[in-house]
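Peer 1: Enclosed is the structure file model_18.cif (mmCIF, C-alpha atoms).
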data_coords
loop_
_atom_site.label_atom_id
_atom_site.label_comp_id
_atom_site.auth_asym_id
_atom_site.auth_seq_id
_atom_site.Cartn_x
_atom_site.Cartn_y
_atom_site.Cartn_z
CA MET A 1 -52.04 187.77 -31.42
CA ASN A 2 -51.28 185.32 -34.20
CA LEU A 3 -52.64 181.84 -34.10
CA ARG A 4 -51.24 178.91 -36.20
CA VAL A 5 -53.48 175.96 -36.74
CA ASP A 6 -51.66 172.86 -38.19
CA LEU A 7 -54.07 170.09 -38.97
CA ILE A 8 -51.65 167.85 -41.00
CA LEU A 9 -50.05 165.06 -39.12
CA PRO A 10 -46.18 164.94 -39.26
CA THR A 11 -46.32 161.73 -41.32
CA GLU A 12 -48.61 163.43 -43.82
CA GLN A 13 -46.33 166.46 -44.27
CA ARG A 14 -44.76 166.91 -47.78
CA SER A 15 -41.85 169.08 -48.81
CA ALA A 16 -42.71 172.25 -50.64
CA SER A 17 -39.43 171.98 -52.69
CA VAL A 18 -39.68 171.21 -56.43
CA ILE A 19 -36.69 168.83 -56.11
CA ASN A 20 -37.53 165.72 -54.28
CA VAL A 21 -34.46 163.94 -52.84
CA LYS A 22 -36.08 160.55 -52.94
CA SER A 23 -37.05 160.97 -56.58
CA LEU A 24 -33.53 162.05 -57.39
CA VAL A 25 -32.12 158.98 -55.71
CA ARG A 26 -34.55 156.77 -57.65
CA ILE A 27 -33.66 158.42 -60.97
CA ALA A 28 -29.94 158.19 -60.16
CA ILE A 29 -30.27 154.49 -59.35
CA ILE A 30 -31.49 153.94 -62.92
CA VAL A 31 -29.59 156.61 -64.88
CA VAL A 32 -26.10 156.28 -63.42
CA PRO A 33 -25.77 152.53 -64.07
CA LEU A 34 -27.28 153.10 -67.53
CA ILE A 35 -24.64 155.73 -68.34
CA VAL A 36 -21.90 153.44 -67.02
CA VAL A 37 -23.17 150.50 -69.08
CA LEU A 38 -23.43 152.71 -72.16
CA ALA A 39 -19.88 154.03 -71.66
CA ILE A 40 -18.54 150.48 -71.33
CA ALA A 41 -20.49 149.39 -74.41
CA LEU A 42 -19.11 152.32 -76.38
CA GLY A 43 -15.59 151.50 -75.20
CA VAL A 44 -15.99 147.87 -76.22
CA VAL A 45 -17.40 148.82 -79.65
CA ASN A 46 -14.55 151.28 -80.10
CA MET A 47 -12.05 148.61 -79.10
CA MET A 48 -13.56 146.14 -81.56
CA GLN A 49 -13.32 148.72 -84.36
CA SER A 50 -9.66 149.36 -83.49
CA ARG A 51 -9.05 145.62 -83.47
CA GLY A 52 -10.65 145.40 -86.91
CA ASP A 53 -8.36 148.19 -88.18
CA LEU A 54 -5.37 146.39 -86.68
CA ASP A 55 -6.37 143.14 -88.40
CA ARG A 56 -6.65 144.95 -91.74
CA LEU A 57 -3.20 146.46 -91.24
CA LYS A 58 -1.79 143.04 -90.32
CA THR A 59 -3.16 141.64 -93.58
CA GLN A 60 -1.66 144.58 -95.49
CA TRP A 61 1.70 144.04 -93.74
CA LYS A 62 1.66 140.36 -94.71
CA GLU A 63 1.42 141.45 -98.35
CA THR A 64 3.98 144.28 -97.98
CA GLU A 65 6.65 142.49 -95.95
CA PRO A 66 7.90 140.17 -98.74
CA GLN A 67 8.16 143.16 -101.10
CA LYS A 68 10.04 145.07 -98.43
CA GLN A 69 12.45 142.15 -98.01
CA ALA A 70 12.95 142.01 -101.77
CA ALA A 71 13.66 145.76 -101.79
CA ALA A 72 16.17 145.36 -98.93
CA LYS A 73 17.87 142.48 -100.74
CA LEU A 74 18.11 144.55 -103.91
CA ARG A 75 19.55 147.48 -101.96
CA THR A 76 22.24 145.24 -100.42
CA GLN A 77 23.03 143.84 -103.85
CA LEU A 78 23.21 147.36 -105.27
CA ALA A 79 25.58 148.51 -102.51
CA ASP A 80 27.82 145.47 -103.12
CA ASN A 81 27.85 146.04 -106.88
CA LEU A 82 28.58 149.77 -106.56
CA ALA A 83 31.46 148.94 -104.20
CA LEU A 84 32.75 146.35 -106.67
CA GLU A 85 32.49 148.78 -109.58
CA LYS A 86 34.41 151.34 -107.50
CA LYS A 87 37.07 148.75 -106.66
CA VAL A 88 37.58 147.79 -110.31
CA SER A 89 37.43 151.28 -111.82
CA GLY A 90 39.57 152.52 -108.90
CA TRP A 91 42.52 150.98 -110.69
CA ALA A 92 42.34 153.77 -113.26
CA GLY A 93 42.29 156.42 -110.52
CA SER A 94 45.26 154.93 -108.71
CA ARG A 95 47.71 154.92 -111.58
CA THR A 96 50.15 157.56 -112.67
CA MET A 97 50.82 157.87 -116.39
CA TRP A 98 54.53 157.20 -116.13
CA ASP A 99 55.17 157.84 -119.82
CA GLN A 100 54.13 161.46 -119.20
CA GLN A 101 56.38 161.65 -116.13
CA LEU A 102 59.38 160.27 -118.03
CA ARG A 103 58.71 162.68 -120.88
CA GLY A 104 58.36 165.57 -118.39
CA ILE A 105 61.72 164.75 -116.76
CA GLN A 106 63.35 164.56 -120.18
CA ARG A 107 61.92 167.97 -121.13
CA GLU A 108 63.13 169.68 -117.95
CA LEU A 109 66.72 168.53 -118.38
CA PRO A 110 68.43 171.63 -119.78
CA PRO A 111 70.77 170.64 -122.63
CA GLU A 112 73.20 173.46 -121.87
CA ALA A 113 73.46 172.55 -118.18
CA ARG A 114 75.97 169.73 -118.66
CA ILE A 115 73.97 167.26 -116.60
CA GLN A 116 73.87 163.60 -117.47
CA LEU A 117 71.43 161.22 -115.87
CA THR A 118 72.98 157.82 -115.27
CA ARG A 119 70.15 155.96 -113.58
CA LEU A 120 66.42 156.33 -112.99
CA ASN A 121 64.70 154.17 -110.43
CA LEU A 122 61.01 154.25 -109.66
CA GLY A 123 59.46 152.40 -106.78
CA SER A 124 55.65 152.51 -106.76
CA PRO A 125 54.33 150.01 -104.25
CA ILE A 126 50.72 149.61 -103.21
CA SER A 127 50.09 150.42 -99.59
CA VAL A 128 47.36 148.31 -98.04
CA ALA A 129 46.19 149.31 -94.57
CA ALA A 130 43.29 147.68 -92.78
CA GLY A 131 40.12 149.74 -92.92
CA LYS A 132 41.56 152.18 -95.44
CA VAL A 133 41.35 152.57 -99.20
CA PRO A 134 44.57 151.13 -100.73
CA VAL A 135 46.92 153.66 -102.29
CA ARG A 136 49.78 153.67 -104.76
CA THR A 137 52.79 155.61 -103.61
CA GLY A 138 55.74 156.61 -105.76
CA LEU A 139 59.39 157.49 -105.22
CA LEU A 140 61.37 158.26 -108.34
CA VAL A 141 65.13 158.48 -107.82
CA LEU A 142 67.30 160.19 -110.43
CA GLN A 143 71.05 159.66 -110.27
CA GLY A 144 73.40 161.59 -112.45
CA ALA A 145 76.56 163.56 -112.92
CA ALA A 146 76.96 167.33 -113.27
CA TYR A 147 80.01 168.78 -114.97
CA GLY A 148 81.78 172.11 -114.72
CA GLU A 149 82.03 174.99 -112.27
CA ASN A 150 78.27 175.59 -112.14
CA SER A 151 77.39 171.99 -111.39
CA GLU A 152 75.64 172.75 -108.09
CA ALA A 153 73.64 175.64 -109.56
CA ASN A 154 72.73 173.52 -112.56
CA VAL A 155 71.48 170.67 -110.37
CA GLN A 156 69.40 173.14 -108.32
CA THR A 157 68.01 174.67 -111.53
CA PHE A 158 67.10 171.18 -112.71
CA ARG A 159 65.39 170.49 -109.38
CA GLN A 160 63.41 173.76 -109.63
CA ALA A 161 62.42 172.93 -113.19
CA LEU A 162 61.12 169.55 -112.02
CA VAL A 163 59.08 171.20 -109.26
CA LYS A 164 57.48 173.58 -111.77
CA SER A 165 57.12 171.05 -114.60
CA PRO A 166 53.52 170.96 -115.91
CA ALA A 167 53.73 167.18 -116.18
CA LEU A 168 54.92 166.68 -112.60
CA ALA A 169 53.63 169.62 -110.54
CA ALA A 170 50.14 168.33 -109.80
CA LEU A 171 51.28 164.84 -108.89
CA VAL A 172 54.48 165.48 -106.97
CA GLU A 173 54.68 166.03 -103.23
CA LYS A 174 58.33 167.05 -103.02
CA VAL A 175 61.54 167.12 -105.02
CA GLU A 176 64.78 166.96 -103.03
CA VAL A 177 68.44 166.80 -103.85
CA THR A 178 69.46 164.03 -101.47
CA ARG A 179 73.06 163.63 -102.61
CA PHE A 180 75.60 166.03 -104.04
CA ASP A 181 79.17 164.76 -103.82
CA ALA A 182 82.48 165.15 -105.53
CA ASN A 183 83.00 162.73 -108.37
CA PRO A 184 86.28 160.92 -107.70
CA LYS A 185 86.44 159.65 -111.29
CA ALA A 186 86.03 163.09 -112.88
CA GLY A 187 87.31 166.65 -112.83
CA LYS A 188 87.68 169.08 -109.91
CA PHE A 189 84.26 170.71 -110.32
CA ASP A 190 82.36 167.63 -111.42
CA ARG A 191 79.79 166.20 -109.04
CA VAL A 192 77.51 163.19 -108.70
CA PHE A 193 74.01 163.86 -107.44
CA GLN A 194 70.74 162.23 -106.57
CA ILE A 195 67.31 163.79 -106.78
CA ASP A 196 64.38 162.11 -105.05
CA ILE A 197 60.91 162.86 -106.41
CA THR A 198 58.19 161.82 -103.99
CA TYR A 199 54.78 161.41 -105.57
CA LYS A 200 51.46 161.98 -103.83
CA ALA A 201 49.71 158.77 -102.85
CA ARG A 202 46.89 157.90 -105.24
CA LYS A 203 43.86 156.10 -103.94
CA PHE A 204 42.18 153.16 -105.63
CA GLU A 205 38.96 155.12 -106.23
CA MET B 206 -38.59 150.69 -50.30
CA LYS B 207 -38.36 151.30 -46.64
CA LEU B 208 -35.52 150.37 -44.38
CA PRO B 209 -36.43 148.02 -41.53
CA ASP B 210 -37.37 149.69 -38.26
CA ASP B 211 -35.08 147.41 -36.33
CA LYS B 212 -31.74 149.11 -35.87
CA LYS B 213 -29.69 145.93 -36.21
CA GLN B 214 -31.48 144.84 -39.36
CA ARG B 215 -31.17 148.36 -40.80
CA THR B 216 -27.43 148.33 -40.16
CA GLN B 217 -27.12 144.93 -41.89
CA VAL B 218 -29.07 146.14 -44.94
CA LEU B 219 -26.99 149.30 -45.16
CA ALA B 220 -23.76 147.26 -44.81
CA LEU B 221 -24.91 144.93 -47.60
CA ILE B 222 -25.75 147.90 -49.84
CA GLY B 223 -22.31 149.41 -49.06
CA ILE B 224 -20.47 146.16 -49.85
CA GLY B 225 -22.47 145.76 -53.06
CA ALA B 226 -21.67 149.33 -54.09
CA ILE B 227 -17.97 148.81 -53.41
CA LEU B 228 -17.93 145.55 -55.40
CA ILE B 229 -19.65 147.28 -58.34
CA LEU B 230 -17.15 150.19 -58.18
CA VAL B 231 -14.17 147.80 -58.04
CA GLY B 232 -15.58 145.83 -60.98
CA LEU B 233 -16.12 149.02 -62.93
CA TYR B 234 -12.60 150.21 -62.13
CA PHE B 235 -10.97 147.02 -63.36
CA GLY B 236 -13.35 146.62 -66.30
CA ILE B 237 -12.73 150.15 -67.57
CA GLY B 238 -8.98 149.71 -66.92
CA PHE B 239 -8.93 146.51 -68.97
CA VAL B 240 -10.75 148.13 -71.90
CA ARG B 241 -8.48 151.17 -71.71
CA ASP B 242 -5.30 149.00 -71.66
CA GLN B 243 -6.55 146.95 -74.60
CA LYS B 244 -7.27 150.13 -76.56
CA ARG B 245 -3.81 151.48 -75.79
CA THR B 246 -2.12 148.23 -76.84
CA ILE B 247 -4.14 148.10 -80.06
CA ALA B 248 -3.41 151.78 -80.79
CA LYS B 249 0.32 151.22 -80.23
CA LYS B 250 0.41 148.15 -82.49
CA THR B 251 -1.63 150.02 -85.12
CA GLU B 252 0.79 152.95 -85.11
CA GLU B 253 3.79 150.61 -85.34
CA LEU B 254 2.28 148.75 -88.27
CA LYS B 255 1.29 151.98 -90.04
CA GLU B 256 4.87 153.26 -89.64
CA ASN B 257 6.34 149.95 -90.85
CA ILE B 258 4.03 149.94 -93.88
CA ARG B 259 4.88 153.59 -94.63
CA LYS B 260 8.62 152.87 -94.49
CA ALA B 261 8.22 149.68 -96.50
CA ASN B 262 6.28 151.54 -99.20
CA ILE B 263 9.08 154.10 -99.49
CA GLU B 264 11.60 151.27 -99.95
CA ILE B 265 9.34 149.51 -102.46
CA ASP B 266 8.86 152.75 -104.42
CA GLN B 267 12.68 153.07 -104.56
CA MET B 268 13.02 149.59 -106.07
CA SER B 269 12.70 150.51 -109.74
CA LYS B 270 15.37 153.21 -109.38
CA ASP B 271 17.63 150.81 -107.43
CA ARG B 272 17.13 148.15 -110.07
CA LYS B 273 18.14 150.59 -112.82
CA VAL B 274 21.28 151.74 -110.96
CA ASN B 275 22.14 148.12 -110.12
CA THR B 276 21.84 147.09 -113.77
CA GLU B 277 24.04 150.00 -114.84
CA ALA B 278 26.68 149.06 -112.24
CA LEU B 279 26.59 145.42 -113.33
CA LEU B 280 26.93 146.31 -117.01
CA LYS B 281 29.88 148.59 -116.22
CA ILE B 282 31.56 145.82 -114.18
CA LYS B 283 30.99 143.37 -117.04
CA ASP B 284 32.40 145.83 -119.56
CA LEU B 285 35.52 146.47 -117.45
CA SER B 286 35.89 142.76 -116.81
CA ASP B 287 35.55 141.79 -120.48
CA LYS B 288 37.87 144.48 -121.79
CA TYR B 289 40.48 145.17 -119.17
CA LEU B 290 40.81 142.55 -116.45
CA LEU B 291 43.51 140.03 -117.26
CA LYS B 292 42.05 136.59 -118.04
CA PRO B 293 43.85 133.44 -117.00
CA ARG B 294 44.90 130.79 -119.51
CA LEU B 295 45.11 127.05 -119.02
CA GLY B 296 43.69 126.98 -115.52
CA GLY B 297 44.85 130.07 -113.71
CA ASN B 298 47.91 130.97 -115.77
CA TYR B 299 48.05 134.76 -116.04
CA TYR B 300 51.63 134.85 -117.27
CA LEU B 301 50.72 133.60 -120.76
CA SER B 302 48.04 136.30 -121.14
CA ALA B 303 50.37 139.05 -119.92
CA LYS B 304 53.20 137.83 -122.14
CA GLU B 305 50.93 137.87 -125.18
CA ILE B 306 49.85 141.48 -124.49
CA ILE B 307 53.39 142.75 -123.88
CA GLU B 308 54.82 140.99 -126.91
CA ALA B 309 52.05 142.37 -129.11
CA VAL B 310 52.85 145.93 -127.96
CA ALA B 311 56.59 145.37 -128.44
CA GLN B 312 55.99 144.06 -131.95
CA LYS B 313 53.71 146.97 -132.80
CA LEU B 314 56.45 149.40 -131.74
CA ASN B 315 59.19 147.40 -133.42
CA LEU B 316 60.96 146.69 -130.15
CA THR B 317 61.53 143.02 -130.87
CA THR B 318 64.63 143.45 -132.96
CA PRO B 319 67.42 140.98 -132.10
CA GLY B 320 69.31 143.63 -130.11
CA ALA B 321 66.31 144.56 -128.00
CA THR B 322 66.30 141.32 -125.96
CA LEU B 323 62.79 141.60 -124.59
CA GLY B 324 62.37 139.56 -121.46
CA ILE B 325 59.09 138.91 -119.66
CA SER B 326 58.89 137.06 -116.38
CA ASP B 327 56.17 136.21 -113.90
CA VAL B 328 56.03 138.13 -110.60
CA GLY B 329 52.71 136.73 -109.48
CA LEU B 330 49.52 137.65 -107.69
CA SER B 331 49.17 140.03 -104.78
CA ASP B 332 46.37 141.63 -102.79
CA VAL B 333 45.41 145.24 -103.35
CA SER B 334 42.88 145.54 -100.58
CA PRO B 335 43.01 144.27 -97.04
CA ALA B 336 41.21 141.00 -96.41
CA SER B 337 38.22 141.55 -94.14
CA GLY B 338 37.67 138.45 -92.04
CA LYS B 339 36.77 135.46 -94.17
CA THR B 340 35.84 137.58 -97.20
CA MET B 341 38.36 137.47 -100.01
CA PRO B 342 38.74 140.79 -101.86
CA PRO B 343 37.11 140.38 -105.30
CA VAL B 344 40.02 141.93 -107.20
CA ARG B 345 43.72 141.06 -106.93
CA ALA B 346 46.78 142.21 -108.84
CA TYR B 347 48.84 140.23 -111.30
CA THR B 348 52.33 141.57 -112.02
CA ALA B 349 54.70 140.72 -114.85
CA HIS B 350 58.30 141.94 -115.02
CA ILE B 351 59.52 143.25 -118.35
CA SER B 352 63.14 143.91 -119.23
CA LEU B 353 64.69 145.05 -122.46
CA THR B 354 67.40 147.14 -123.96
CA CYS B 355 66.11 150.20 -125.75
CA GLY B 356 66.33 153.96 -126.01
CA TYR B 357 64.58 156.33 -123.60
CA ASN B 358 62.06 157.40 -126.25
CA ASP B 359 61.24 153.80 -127.10
CA LEU B 360 60.64 153.04 -123.45
CA VAL B 361 58.31 156.03 -123.13
CA ARG B 362 56.36 154.87 -126.20
CA PHE B 363 56.27 151.31 -124.89
CA ILE B 364 54.84 152.35 -121.52
CA ARG B 365 52.41 154.81 -123.14
CA THR B 366 51.01 152.17 -125.50
CA ILE B 367 50.51 149.70 -122.65
CA GLU B 368 48.79 152.40 -120.58
CA GLU B 369 46.61 153.63 -123.44
CA ASP B 370 45.49 150.14 -124.46
CA ASN B 371 44.17 149.44 -120.97
CA PRO B 372 43.11 152.21 -118.55
CA LEU B 373 43.39 149.82 -115.59
CA VAL B 374 46.92 148.54 -116.15
CA SER B 375 49.74 150.22 -114.26
CA ALA B 376 53.40 150.46 -115.15
CA MET B 377 55.50 150.49 -112.00
CA ASN B 378 58.97 149.91 -110.56
CA ILE B 379 60.71 151.39 -113.59
CA THR B 380 64.50 151.17 -113.78
CA ILE B 381 66.61 152.81 -116.47
CA ALA B 382 70.34 152.31 -116.29
CA SER B 383 72.79 153.75 -118.76
CA ARG B 384 75.18 151.36 -120.45
CA ALA B 385 78.87 151.72 -121.02
CA ALA B 386 80.17 153.18 -124.30
CA PRO B 387 79.67 152.56 -127.17
CA ASN B 388 76.08 151.51 -126.27
CA VAL B 389 75.05 154.80 -124.70
CA GLU B 390 71.93 155.27 -126.84
CA ALA B 391 70.28 152.05 -125.66
CA HIS B 392 69.67 151.67 -121.93
CA SER B 393 69.06 148.66 -119.81
CA VAL B 394 65.44 149.16 -118.81
CA ALA B 395 63.03 147.18 -116.74
CA PHE B 396 59.56 147.76 -115.35
CA ASP B 397 56.58 145.91 -113.97
CA ALA B 398 53.15 145.91 -115.55
CA GLN B 399 50.28 145.25 -113.20
CA TRP B 400 46.75 144.19 -114.14
CA PRO B 401 43.64 143.72 -112.04
CA VAL B 402 42.36 140.14 -112.01
CA TRP B 403 39.34 138.51 -110.39
CA SER B 404 40.34 136.77 -107.16
CA ASP B 405 37.79 134.11 -107.99
CA GLU B 406 37.31 133.02 -111.60
CA ALA B 407 33.60 132.57 -110.89
CA TRP B 408 33.10 136.35 -110.54
CA PRO B 409 32.32 137.06 -114.23
CA ALA B 410 29.70 134.29 -114.23
CA ARG B 411 28.18 135.73 -111.06
CA VAL B 412 27.97 139.18 -112.64
CA GLU B 413 26.37 137.74 -115.78
CA ALA B 414 23.87 135.77 -113.71
CA GLN B 415 22.86 138.93 -111.88
CA ILE B 416 22.47 140.80 -115.18
CA ALA B 417 20.29 137.97 -116.49
CA ALA B 418 18.23 138.05 -113.29
CA GLN B 419 17.68 141.78 -113.80
CA GLY B 420 16.30 141.11 -117.26
CA GLY B 421 19.51 141.04 -119.28
CA GLY B 422 20.16 144.73 -118.87
CA GLN B 423 16.62 145.67 -119.90
CA GLU B 424 14.94 147.51 -117.09
CA LYS B 425 11.82 145.79 -115.82
CA ARG B 426 8.76 147.94 -116.16
#
Could you render the structure as structure tokens?

Peer 2:
Amino acid sequence: MNLRVDLILPTEQRSASVINVKSLVRIAIIVVPLIVVLAIALGVVNMMQSRGDLDRLKTQWKETEPQKQAAAKLRTQLADNLALEKKVSGWAGSRTMWDQQLRGIQRELPPEARIQLTRLNLGSPISVAAGKVPVRTGLLVLQGAAYGENSEANVQTFRQALVKSPALAALVEKVEVTRFDANPKAGKFDRVFQIDITYKARKFE
Amino acid sequence: MKLPDDKKQRTQVLALIGIGAILILVGLYFGIGFVRDQKRTIAKKTEELKENIRKANIEIDQMSKDRKVNTEALLKIKDLSDKYLLKPRLGGNYYLSAKEIIEAVAQKLNLTTPGATLGISDVGLSDVSPASGKTMPPVRAYTAHISLTCGYNDLVRFIRTIEEDNPLVSAMNITIASRAAPNVEAHSVAFDAQWPVWSDEAWPARVEAQIAAQGGGQEKR
């Protein structure tokens, strides 16, 4: 038979556990607020440092901003001046060297073909459209008379020669015979004709 | 510390402790939130400023190159203006300047013989680029009409000389009409010569002022 003798009063009893709940609560009451206060202090210090960095950057920006504005002003001025230079020098790009065209037409007129040019008319207006680069266009009209039985073939040969002419080829869009009629003042096979040479538009650039 | 033995008092103490704990937690929540928001705001402003300063420094670094290109453009404009843009005489009269140029070329090529009948008339100013709002295009066109009686070859030489003397001038609206016998060698010819002109006579001074402001064409170091 086992006998247990307990001489300690219930109020005098102590826990055998190493961890004492009451002690833990006491420690927590001190440590937890301390950690919280420390965290807040760190946050505030951190915030103050960031604010200091921001102030330094603001000072730097105050020094940089006028230079930036000067750079922007210069860039605007540069863009304006480049556009102006393009506008002025664009005049050279827009023109056709008409002396070379007149010489080219003269060269392509076959002497044996019995063709006589009676009138040359060039219209070369500037076309100005809103929002677009202005262009020079060109329509050169040749009027003449062709004599003899082969007048039609000769006019067509002349047209072909104009199309292939080294002076005209790169600049011309199309060459058309727009009129080929009997010549009431001349012989049976003689004809009057008109050849239209349309030039490619040339931009002012 | 021991809680009171009285149940009512104990409940009151516990309630007070609970309320206190809640107040502390609420304070902590808002306090930490405030600090966190401030940090975020500061971080955002810092990043924005850093980015602005970075971009500004790139633009500032570009300045010396921009200044050089700007000076080159200005000098080219001045050169074109001095050499090739038609200058007005006697308060906006372009006709006299054009007439002088055309007559000089005609004389050089011997096209001013009594039979040549050189005629020069004023066509006037026109726009070559569309007006944009209130801004006047800086360059306009001045046109003079030239008529004379000469051979085809002489006309070609005449136009070539005008074109070669000034790379910006354009011959246009050419008409060549044959004449009745016995004058078949000399044709009735006419054409327009067109020059660029400043729309505002103050433009050359403006360009020069800008060149002077850039250091007279010497790049600032």

Peer 1: If you apply the PyMOL selection byres ((chain B) within 8 of (chain A)) to this file, what residues do you get, as a PyMOL selection string?

Peer 2: chain B and resi 237+240-241+243-244+247-248+250-251+254-255+258+261-262+264-265+267-268+271-272+274-275+278-279+281-282+285+333-336+343-344+361-362+364-365+368+372-383+401

Peer 1: Can you turn the PyMOL selection byres ((chain A and resi 168-184) around 6) into a concrete residue list for this file, as a ChimeraX atom specification?

Peer 2: /A:163-167,185-186,190-200

Peer 1: Determine the residue membership of the PyMOL selection byres ((chain B and resi 206-212) around 12) for the file above and supply it as a list in words.

Peer 2: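 For this structure, the PyMOL selection byres ((chain B and resi 206-212) around 12) captures Lys22, Val25 and Arg26 of chain A; Lys213, Gln214, Arg215, Thr216, Gln217, Val218, Leu219 and Ile222 of chain B.
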
Peer 1: State, in Å with one decimal place, the distance from atom CA of A:Lys203 to atom CA of A:Gly104.

Peer 2: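 Straight-line distance from atom CA of A:Lys203 to atom CA of A:Gly104 works out to 22.6 Å.
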
Peer 1: So how far away is atom CA of B:Ser393 from atom CA of B:Tyr357, in Å?

Peer 2: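 Going from atom CA of B:Tyr357 over to atom CA of B:Ser393, I get 9.7 Å.
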
Peer 1: Which residue is closest to B:Glu305? Choose from B:Val328, B:Ala414, B:Glu252, B:Ala349 and count all atoms listed in the file.

Peer 2: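 Under the stated criterion, the closest residue is B:Ala349.
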
Peer 1: Can you pull out the residues contacting B:Ile306? Cut-off 12 Å, using all atoms listed in the file, and skip same-chain residues under 4 positions away; I want them as an NGL selection string.

Peer 2: :B and (289 or 291-292 or 299-302 or 310-313 or 325 or 349 or 351 or 363 or 366-368 or 370-371 or 374 or 398-400)

Peer 1: Counting only C-alpha atoms, figure out which residue out of B:Ala417, B:Leu228, B:Leu360, B:Ala220 gets nearest to B:Glu390.

Peer 2: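 Of all the options, B:Leu360 lies closest to B:Glu390.
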
Peer 1: As an exercise, work out the distance from atom CA of A:Ile19 to atom CA of B:Leu233 in Å and give it to one decimal place.

Peer 2: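 Interatomic distance here is 29.4 Å.
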
Peer 1: Restricting the calculation to all atoms listed in the file: of B:Tyr347, B:Phe396, B:Tyr234, B:Phe239, which residue gets closest to B:Pro293?

Peer 2: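 Closest to B:Pro293, using all atoms listed in the file: B:Tyr347.
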